[in-house]
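Report on one structure; see the data block that follows.
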Amino acid sequence: MFSGIQPSGDVHLGNYLGALRHWVADQYENDAFYCVVDLHALTVPQDPAELRRQTLDLVAILLAIGLDPEVCTLFVQSHVPEHTELAWLLECTASMGELRRMTQFKEKAGRGGEETARVGLFAYPVLMAADILLYDADRVPVGDDQRQHLELTRDLAQRFNHRYGELFVVPKAAIPRTGARIMDLQDPTKKMSKSSESPQGTVLLLDEPAVIERKIKRAVTDSEPDVRYDPDAKPGLSNLIDLLAIATDRTPMEVAAAYTQYGPLKRDCAAAVVELVRPVQERYRELTEDPNTVTKALQRGAEKAHEVAAPTLKRARDATGLLPR
């Protein structure tokens, strides 16, 4: 199984509850490769110092939530050069027409105009294909926004195999583990997001307890006084009920039945979320005080990834007629 995450923006509660906590369980059930895709982050302008900081912070968070470098393979994309070399071989297999049809490129390039869009933004679905194919991944958990890119990966693998022989495993989309859909606290009609225009609506995984309490207590609800779980009619209140249910291992209906007023529910929700993220924050602080732990984990991860990626790349090099090194 392969999954990647960009080191852009701060990890928030929606990321954690919706996806990342399931990575921890998946590492024990699959041969799991988890990649911090720093090269993908370069498709838009980045401050170099900030990119380094965010990459290390993200790795520390992934370790803090429970990823075990001895169980899974956790690494940074740019530490395994096979990714870029295979990407070039696949770019020489892909067509301009295929990449022009990628919805995300059209959306992102449309904001500033295609003439100024970076070539990397146009070609990054091919790098994503290389990320996956290098590890013979047959399961790739993807959301709806990445399904088109996975279909491109399948097409490129099949085309390469047709031309040169059965070299790549053709991956299939795996339905991600059902994760909580956490909404923005200030606009509960939208998912909690790294790029939210309302920072008060996003609870960051590393927010101080007082900040978490303030954001939750100021969350938008509605003017009706009754407490009930109704995501359509009462999205703000239902979002808080969801949070409290997850944090206390109850169902939303059980939580709603325990309250008659918004105030106590918000207070208990804030306290439960603070307690939910407390062990992650404590482990994160330990890791940042001992950066060698993160560095060693990345070194080990790069070695493990290279052991799998190098033979795959060699097969592709040999098949296309490149001279042995």
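Just remember, in the structure tokens the first chain shown is A, the second B, etc., residues are 1-based per chain, and ligands are 1-based in the order shown.
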
As a short mmCIF file (atom, residue, chain, number, x, y, z; two decimals) with N, CA, C and O atoms, in the first residue's frame, please: every residue in region 48-192 of chain A that DSSP puts in strand (DSSP E).
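Listing of part.cif after writing:
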```cif
data_model
loop_
_atom_site.label_atom_id
_atom_site.label_comp_id
_atom_site.auth_asym_id
_atom_site.auth_seq_id
_atom_site.Cartn_x
_atom_site.Cartn_y
_atom_site.Cartn_z
N THR A 73 7.26 1.82 6.07
CA THR A 73 8.36 2.52 5.45
C THR A 73 7.96 3.98 5.31
O THR A 73 7.11 4.32 4.50
N LEU A 74 8.56 4.82 6.16
CA LEU A 74 8.25 6.24 6.20
C LEU A 74 9.47 7.00 5.69
O LEU A 74 10.56 6.87 6.24
N PHE A 75 9.26 7.79 4.62
CA PHE A 75 10.42 8.45 4.02
C PHE A 75 10.01 9.73 3.31
O PHE A 75 8.82 10.00 3.11
N VAL A 76 11.02 10.52 2.96
CA VAL A 76 10.81 11.75 2.22
C VAL A 76 11.12 11.47 0.75
O VAL A 76 12.15 10.89 0.41
N ARG A 139 -2.50 -1.53 -3.82
CA ARG A 139 -3.58 -0.80 -3.15
C ARG A 139 -3.14 0.63 -2.91
O ARG A 139 -2.09 0.88 -2.32
N VAL A 140 -3.96 1.56 -3.38
CA VAL A 140 -3.67 2.98 -3.17
C VAL A 140 -4.94 3.66 -2.68
O VAL A 140 -5.87 3.91 -3.45
N PRO A 141 -5.03 3.94 -1.38
CA PRO A 141 -6.23 4.64 -0.88
C PRO A 141 -6.24 6.07 -1.42
O PRO A 141 -5.31 6.84 -1.21
N LYS A 172 -4.72 -0.66 -7.99
CA LYS A 172 -6.15 -0.42 -7.92
C LYS A 172 -6.44 0.58 -6.82
O LYS A 172 -5.73 0.64 -5.81
N ALA A 173 -7.47 1.37 -7.02
CA ALA A 173 -7.89 2.31 -5.99
C ALA A 173 -8.49 1.52 -4.83
O ALA A 173 -9.33 0.64 -5.04
N ALA A 174 -8.04 1.82 -3.64
CA ALA A 174 -8.61 1.20 -2.45
C ALA A 174 -9.50 2.22 -1.77
O ALA A 174 -9.14 3.39 -1.66
#
```

Each residue of region 14-104 of chain A with at least one atom at most 10 Å from region 195-217 of chain A should appear once, together with its nearest atom pair and the corresponding distance in Å (one decimal); atoms considered: only C-alpha atoms; ordering: chain, then increasing residue number; output as CSV.
```
residue,atom,partner,partner_atom,distance
A:Gly14,CA,A:Val203,CA,8.1
A:Asn15,CA,A:Leu205,CA,8.8
A:Tyr16,CA,A:Leu205,CA,7.6
A:Ile61,CA,A:Leu205,CA,8.8
```

Which of region 12-150 of chain A DSSP labels alpha helix (DSSP H), written as a ChimeraX atom specification: /A:13-15,21-26,38-41,48-64,82-91,96-100,103-112,119-133,147-150

With region 220-233 of chain A as the partner and 12 Å as the cut-off, tabulate the residues of region 248-278 of chain A that qualify, each row holding the nearest pair of atoms and their distance in Å to one decimal, using only C-alpha atoms, sorted by chain and rising number, as JSON lines.
```
{"residue": "A:Thr251", "atom": "CA", "partner": "A:Tyr229", "partner_atom": "CA", "distance": 10.3}
{"residue": "A:Pro252", "atom": "CA", "partner": "A:Tyr229", "partner_atom": "CA", "distance": 6.7}
{"residue": "A:Met253", "atom": "CA", "partner": "A:Tyr229", "partner_atom": "CA", "distance": 6.4}
{"residue": "A:Glu254", "atom": "CA", "partner": "A:Tyr229", "partner_atom": "CA", "distance": 9.5}
{"residue": "A:Val255", "atom": "CA", "partner": "A:Tyr229", "partner_atom": "CA", "distance": 8.6}
{"residue": "A:Ala256", "atom": "CA", "partner": "A:Arg228", "partner_atom": "CA", "distance": 5.4}
{"residue": "A:Ala257", "atom": "CA", "partner": "A:Arg228", "partner_atom": "CA", "distance": 7.4}
{"residue": "A:Ala258", "atom": "CA", "partner": "A:Val227", "partner_atom": "CA", "distance": 9.0}
{"residue": "A:Tyr259", "atom": "CA", "partner": "A:Val227", "partner_atom": "CA", "distance": 6.5}
{"residue": "A:Thr260", "atom": "CA", "partner": "A:Val227", "partner_atom": "CA", "distance": 5.6}
{"residue": "A:Gln261", "atom": "CA", "partner": "A:Val227", "partner_atom": "CA", "distance": 6.4}
{"residue": "A:Tyr262", "atom": "CA", "partner": "A:Val227", "partner_atom": "CA", "distance": 6.9}
{"residue": "A:Gly263", "atom": "CA", "partner": "A:Pro225", "partner_atom": "CA", "distance": 10.5}
{"residue": "A:Pro264", "atom": "CA", "partner": "A:Val227", "partner_atom": "CA", "distance": 10.9}
{"residue": "A:Leu265", "atom": "CA", "partner": "A:Val227", "partner_atom": "CA", "distance": 9.0}
{"residue": "A:Lys266", "atom": "CA", "partner": "A:Thr221", "partner_atom": "CA", "distance": 10.1}
```

Put those residues in a file: N, CA and C atoms, as a CSV table (one decimal), in the first residue's frame.
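After the write, part.csv holds the following:
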```csv
chain,number,residue,atom,x,y,z
A,251,THR,N,-21.5,7.1,20.0
A,251,THR,CA,-22.1,7.5,18.7
A,251,THR,C,-22.7,8.9,18.8
A,252,PRO,N,-22.9,9.6,17.7
A,252,PRO,CA,-23.4,11.0,17.8
A,252,PRO,C,-24.8,11.0,18.5
A,253,MET,N,-25.6,10.0,18.3
A,253,MET,CA,-26.9,10.0,18.9
A,253,MET,C,-26.8,9.9,20.4
A,254,GLU,N,-25.8,9.1,20.9
A,254,GLU,CA,-25.6,9.0,22.3
A,254,GLU,C,-25.1,10.3,22.9
A,255,VAL,N,-24.3,11.0,22.2
A,255,VAL,CA,-23.8,12.3,22.7
A,255,VAL,C,-25.0,13.3,22.7
A,256,ALA,N,-25.7,13.4,21.7
A,256,ALA,CA,-26.8,14.3,21.6
A,256,ALA,C,-27.8,14.1,22.7
A,257,ALA,N,-28.1,12.9,23.0
A,257,ALA,CA,-29.1,12.5,24.1
A,257,ALA,C,-28.6,13.0,25.5
A,258,ALA,N,-27.3,13.2,25.6
A,258,ALA,CA,-26.8,13.5,27.0
A,258,ALA,C,-26.8,15.0,27.3
A,259,TYR,N,-27.3,15.9,26.3
A,259,TYR,CA,-27.2,17.3,26.5
A,259,TYR,C,-28.6,18.0,26.2
A,260,THR,N,-28.8,19.1,26.9
A,260,THR,CA,-30.0,19.9,26.6
A,260,THR,C,-29.6,21.3,26.3
A,261,GLN,N,-28.3,21.7,26.5
A,261,GLN,CA,-27.9,23.0,26.2
A,261,GLN,C,-26.6,23.0,25.4
A,262,TYR,N,-26.4,24.0,24.6
A,262,TYR,CA,-25.1,24.1,23.8
A,262,TYR,C,-23.9,24.3,24.7
A,263,GLY,N,-24.0,25.2,25.7
A,263,GLY,CA,-22.8,25.5,26.5
A,263,GLY,C,-22.1,24.3,27.1
A,264,PRO,N,-22.8,23.5,27.8
A,264,PRO,CA,-22.1,22.3,28.4
A,264,PRO,C,-21.5,21.4,27.3
A,265,LEU,N,-22.2,21.3,26.2
A,265,LEU,CA,-21.7,20.4,25.1
A,265,LEU,C,-20.4,21.0,24.5
A,266,LYS,N,-20.4,22.3,24.3
A,266,LYS,CA,-19.1,22.9,23.8
A,266,LYS,C,-18.0,22.8,24.8
```

Selected residue of minimal separation from Asp31 (chain A) among A:Gly97, A:Pro188, A:Gly120, A:Pro69, counting only C-alpha atoms: A:Pro69

Env of Ala109 (chain A): 12 Å cut, atoms = only C-alpha atoms, seq-sep filter 3 positions within chain, self excluded. Answer as a VMD selection string. chain A and resid 43 to 44 100 102 to 106 112 to 122

Write the residues of the selection above to a file with all heavy atoms, as a compact mmCIF listing (two decimals), in the first residue's frame.
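Okay, out_0.txt is ready:
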```txt
# COMPACT_ATOMS: atom_id res chain seq x y z
N THR A 43 5.63 22.33 -6.92
CA THR A 43 4.83 22.75 -8.08
C THR A 43 4.25 24.14 -7.90
O THR A 43 3.76 24.73 -8.85
CB THR A 43 3.69 21.74 -8.34
OG1 THR A 43 2.87 21.65 -7.17
CG2 THR A 43 4.25 20.37 -8.68
N VAL A 44 4.29 24.66 -6.68
CA VAL A 44 3.90 26.04 -6.40
C VAL A 44 5.05 26.69 -5.65
O VAL A 44 5.88 26.00 -5.05
CB VAL A 44 2.59 26.13 -5.58
CG1 VAL A 44 1.42 25.55 -6.36
CG2 VAL A 44 2.74 25.40 -4.25
N ARG A 100 -3.30 17.24 -20.16
CA ARG A 100 -4.17 18.40 -20.28
C ARG A 100 -5.58 18.12 -19.76
O ARG A 100 -6.30 19.05 -19.40
CB ARG A 100 -4.25 18.86 -21.74
CG ARG A 100 -3.02 19.60 -22.22
CD ARG A 100 -3.26 20.25 -23.57
NE ARG A 100 -2.06 20.90 -24.05
CZ ARG A 100 -1.65 22.11 -23.67
NH1 ARG A 100 -2.36 22.78 -22.78
NH2 ARG A 100 -0.54 22.64 -24.16
N MET A 102 -6.25 16.53 -17.06
CA MET A 102 -6.26 16.42 -15.61
C MET A 102 -6.99 17.61 -14.99
O MET A 102 -6.60 18.77 -15.19
CB MET A 102 -4.83 16.35 -15.05
CG MET A 102 -4.05 15.11 -15.47
SD MET A 102 -4.71 13.55 -14.81
CE MET A 102 -5.48 12.87 -16.30
N THR A 103 -8.06 17.33 -14.28
CA THR A 103 -8.92 18.38 -13.74
C THR A 103 -8.18 19.30 -12.79
O THR A 103 -8.36 20.52 -12.82
CB THR A 103 -10.12 17.75 -13.01
OG1 THR A 103 -10.81 16.90 -13.92
CG2 THR A 103 -11.06 18.82 -12.49
N GLN A 104 -7.31 18.73 -11.93
CA GLN A 104 -6.62 19.57 -10.96
C GLN A 104 -5.71 20.58 -11.64
O GLN A 104 -5.59 21.72 -11.18
CB GLN A 104 -5.83 18.71 -9.98
CG GLN A 104 -6.70 18.08 -8.92
CD GLN A 104 -5.92 17.75 -7.66
OE1 GLN A 104 -4.78 18.13 -7.48
NE2 GLN A 104 -6.57 17.04 -6.76
N PHE A 105 -5.05 20.18 -12.74
CA PHE A 105 -4.20 21.14 -13.44
C PHE A 105 -5.04 22.27 -14.01
O PHE A 105 -4.68 23.45 -13.89
CB PHE A 105 -3.42 20.46 -14.58
CG PHE A 105 -2.69 21.44 -15.45
CD1 PHE A 105 -1.54 22.06 -15.00
CD2 PHE A 105 -3.17 21.76 -16.72
CE1 PHE A 105 -0.86 22.98 -15.80
CE2 PHE A 105 -2.50 22.68 -17.52
CZ PHE A 105 -1.35 23.29 -17.05
N LYS A 106 -6.16 21.93 -14.59
CA LYS A 106 -7.02 22.97 -15.17
C LYS A 106 -7.51 23.93 -14.10
O LYS A 106 -7.57 25.15 -14.31
CB LYS A 106 -8.19 22.32 -15.92
CG LYS A 106 -7.75 21.62 -17.21
CD LYS A 106 -8.93 21.17 -18.05
CE LYS A 106 -9.64 19.98 -17.46
NZ LYS A 106 -10.68 19.44 -18.37
N GLY A 112 -4.16 31.38 -12.11
CA GLY A 112 -3.16 32.38 -12.51
C GLY A 112 -2.90 32.41 -14.00
O GLY A 112 -2.07 33.19 -14.46
N GLY A 113 -3.57 31.54 -14.73
CA GLY A 113 -3.35 31.47 -16.17
C GLY A 113 -2.36 30.38 -16.52
O GLY A 113 -1.31 30.23 -15.87
N GLU A 114 -2.70 29.59 -17.54
CA GLU A 114 -1.86 28.46 -17.92
C GLU A 114 -0.47 28.88 -18.36
O GLU A 114 0.50 28.16 -18.17
CB GLU A 114 -2.55 27.67 -19.04
CG GLU A 114 -1.84 26.38 -19.40
CD GLU A 114 -2.61 25.55 -20.40
OE1 GLU A 114 -3.83 25.37 -20.20
OE2 GLU A 114 -2.00 25.09 -21.39
N GLU A 115 -0.35 30.09 -18.94
CA GLU A 115 0.94 30.54 -19.45
C GLU A 115 1.97 30.69 -18.34
O GLU A 115 3.17 30.57 -18.58
CB GLU A 115 0.77 31.88 -20.18
CG GLU A 115 -0.01 31.78 -21.48
CD GLU A 115 0.64 30.85 -22.49
OE1 GLU A 115 1.89 30.92 -22.63
OE2 GLU A 115 -0.07 30.04 -23.09
N THR A 116 1.53 30.97 -17.12
CA THR A 116 2.46 31.16 -16.01
C THR A 116 2.56 29.94 -15.10
O THR A 116 3.36 29.94 -14.17
CB THR A 116 2.05 32.38 -15.16
OG1 THR A 116 0.73 32.16 -14.63
CG2 THR A 116 2.05 33.65 -16.00
N ALA A 117 1.75 28.92 -15.36
CA ALA A 117 1.79 27.71 -14.53
C ALA A 117 3.11 26.98 -14.72
O ALA A 117 3.68 26.95 -15.82
CB ALA A 117 0.63 26.79 -14.90
N ARG A 118 3.61 26.42 -13.66
CA ARG A 118 4.88 25.70 -13.73
C ARG A 118 4.71 24.37 -14.46
O ARG A 118 3.67 23.72 -14.36
CB ARG A 118 5.41 25.45 -12.32
CG ARG A 118 5.71 26.74 -11.57
CD ARG A 118 6.41 26.48 -10.26
NE ARG A 118 6.77 27.76 -9.63
CZ ARG A 118 7.61 27.86 -8.62
NH1 ARG A 118 8.17 26.78 -8.12
NH2 ARG A 118 7.90 29.04 -8.11
N VAL A 119 5.76 23.98 -15.18
CA VAL A 119 5.73 22.71 -15.90
C VAL A 119 5.53 21.56 -14.90
O VAL A 119 4.85 20.58 -15.19
CB VAL A 119 7.03 22.52 -16.71
CG1 VAL A 119 7.08 21.11 -17.32
CG2 VAL A 119 7.14 23.57 -17.79
N GLY A 120 6.10 21.71 -13.70
CA GLY A 120 5.95 20.68 -12.69
C GLY A 120 4.50 20.46 -12.30
O GLY A 120 4.09 19.33 -12.01
N LEU A 121 3.70 21.53 -12.30
CA LEU A 121 2.28 21.40 -11.98
C LEU A 121 1.57 20.59 -13.06
O LEU A 121 0.69 19.79 -12.77
CB LEU A 121 1.65 22.79 -11.87
CG LEU A 121 0.17 22.84 -11.49
CD1 LEU A 121 -0.04 22.25 -10.10
CD2 LEU A 121 -0.35 24.28 -11.54
N PHE A 122 2.00 20.78 -14.31
CA PHE A 122 1.42 20.05 -15.43
C PHE A 122 1.80 18.56 -15.37
O PHE A 122 0.98 17.68 -15.62
CB PHE A 122 1.92 20.66 -16.74
CG PHE A 122 1.36 20.03 -17.98
CD1 PHE A 122 0.04 20.23 -18.35
CD2 PHE A 122 2.17 19.24 -18.79
CE1 PHE A 122 -0.48 19.64 -19.51
CE2 PHE A 122 1.67 18.66 -19.94
CZ PHE A 122 0.34 18.86 -20.30
```

Looking at A:Cys92, A:Val308, A:Ala19, A:Phe2, which one is nearest to Leu150 (chain A), with distances taken over only C-alpha atoms? A:Phe2
